[in-house]
Amino acid sequence: MAVQFPSTASVGEVAANISPGQWAVIVDEGGRPTGAVLPVTLSGYPQDRPLTSILSELPPTVIAPAEAPVGLLASSWMIEELEPDSPVIVAYPDHLSVWSGPALHRALASLAGEAELYGDEDIDDLAKSCEYREDDSICTHREHFVARPTEMPECPNPECLSDHDFTW
Ligand SMILES: [Zn+2]
């Protein structure tokens, strides 16, 4: 079971409240899971750094209801967007778990094309960070998408860089 932390928590707070192999799921202001990170990944960061500042470094992440068919993910548009270290956050009614690594990739490879395994919930939540960069600054905005936009939305630009559209 993953442990949930608000994005305002610091790296140190996560480290103090999690065991080494356990995933920390970062939850945004709206209470929505937006990314997951292992304690070992955080060990290189200063203890007082807020999780919001590392969101831009997290890979695109699928948030899927536990009742969704795994085959749906394998055949969805999101599969093209996943990076090798992208996790899938699985939302159960009372907890979250994280699926990642070789187990995830093996399962997806073997399931591609199969429409339905079990359950009937949709998978329509990909959390992705804006890739906009300016000099040495990186936009830290993380957005949720139900589909890949044909026209990119305006980025809320939390770091106050130049105005820009969400950079895919
Ligand atoms: Zn941006």
# chains A, B, ... in the order shown; residues from 1 in each chain; ligands from 1
$ residues_near_ligand --ligand "ligand 1" --cutoff "7 Å" --atoms "only C-alpha atoms and all ligand atoms" --output "MDAnalysis selection string"
chainID A and resid 130:132 139:141 155:157 164:167
$ residues_around --residues "stretch 80-86 of chain A" --least-positions-apart "4" --cutoff "8 Å" --atoms "only C-alpha atoms" --output "ChimeraX atom specification"
/A:59-62,100-101
$ select_by_dssp --residues "stretch 42-82 of chain A" --states "strand (DSSP E)" --output "ChimeraX atom specification"
/A:61-65
$ write_last_selection --atoms "N, CA and C atoms" --output "compact mmCIF listing (two decimals), in the first residue's frame"
# COMPACT_ATOMS: atom_id res chain seq x y z
N THR A 61 2.27 9.91 -15.43
CA THR A 61 1.74 8.90 -14.53
C THR A 61 0.27 8.67 -14.81
N VAL A 62 -0.12 7.42 -14.96
CA VAL A 62 -1.52 7.09 -15.17
C VAL A 62 -2.17 6.86 -13.81
N ILE A 63 -3.36 7.44 -13.63
CA ILE A 63 -4.14 7.16 -12.43
C ILE A 63 -5.34 6.35 -12.89
N ALA A 64 -5.42 5.11 -12.42
CA ALA A 64 -6.46 4.20 -12.90
C ALA A 64 -7.29 3.67 -11.74
N PRO A 65 -8.62 3.63 -11.91
CA PRO A 65 -9.43 3.00 -10.88
C PRO A 65 -9.14 1.50 -10.83
$ closest_residue --among "A:Pro50, A:Gly35, A:Pro149, A:Pro93" --to "A:Ala9" --atoms "only C-alpha atoms"
A:Pro50
$ closest_residue --among "A:Val11, A:Pro69, A:Phe5, A:Leu55" --to "A:Leu42" --atoms "only C-alpha atoms"
A:Val11
$ residues_around --residues "A:Gln47" --least-positions-apart "6" --cutoff "8 Å" --atoms "only C-alpha atoms" --output "ChimeraX atom specification"
/A:10-13
$ write_last_selection --atoms "N, CA and C atoms" --output "PDB file, in the first residue's frame"
ATOM      1  N   SER A  10       7.329  18.240   2.730  1.00  0.00           N
ATOM      2  CA  SER A  10       8.737  18.336   2.338  1.00  0.00           C
ATOM      3  C   SER A  10       9.308  16.941   2.127  1.00  0.00           C
ATOM      4  N   VAL A  11      10.437  16.908   1.440  1.00  0.00           N
ATOM      5  CA  VAL A  11      11.147  15.651   1.228  1.00  0.00           C
ATOM      6  C   VAL A  11      11.434  14.967   2.576  1.00  0.00           C
ATOM      7  N   GLY A  12      11.816  15.762   3.571  1.00  0.00           N
ATOM      8  CA  GLY A  12      12.116  15.220   4.898  1.00  0.00           C
ATOM      9  C   GLY A  12      10.908  14.583   5.551  1.00  0.00           C
ATOM     10  N   GLU A  13       9.744  15.196   5.389  1.00  0.00           N
ATOM     11  CA  GLU A  13       8.521  14.634   5.975  1.00  0.00           C
ATOM     12  C   GLU A  13       8.190  13.286   5.365  1.00  0.00           C
TER      13      GLU A  13
END
$ residues_around --residues "A:Pro39" --least-positions-apart "2" --cutoff "9 Å" --atoms "only C-alpha atoms" --output "list in words"
Val11, Val14, Ala15, Ile18, Ser19, Pro20, Gly21, Gln22, Trp23, Ala24, Val37, Thr41, Leu42 and Ser43 of chain A
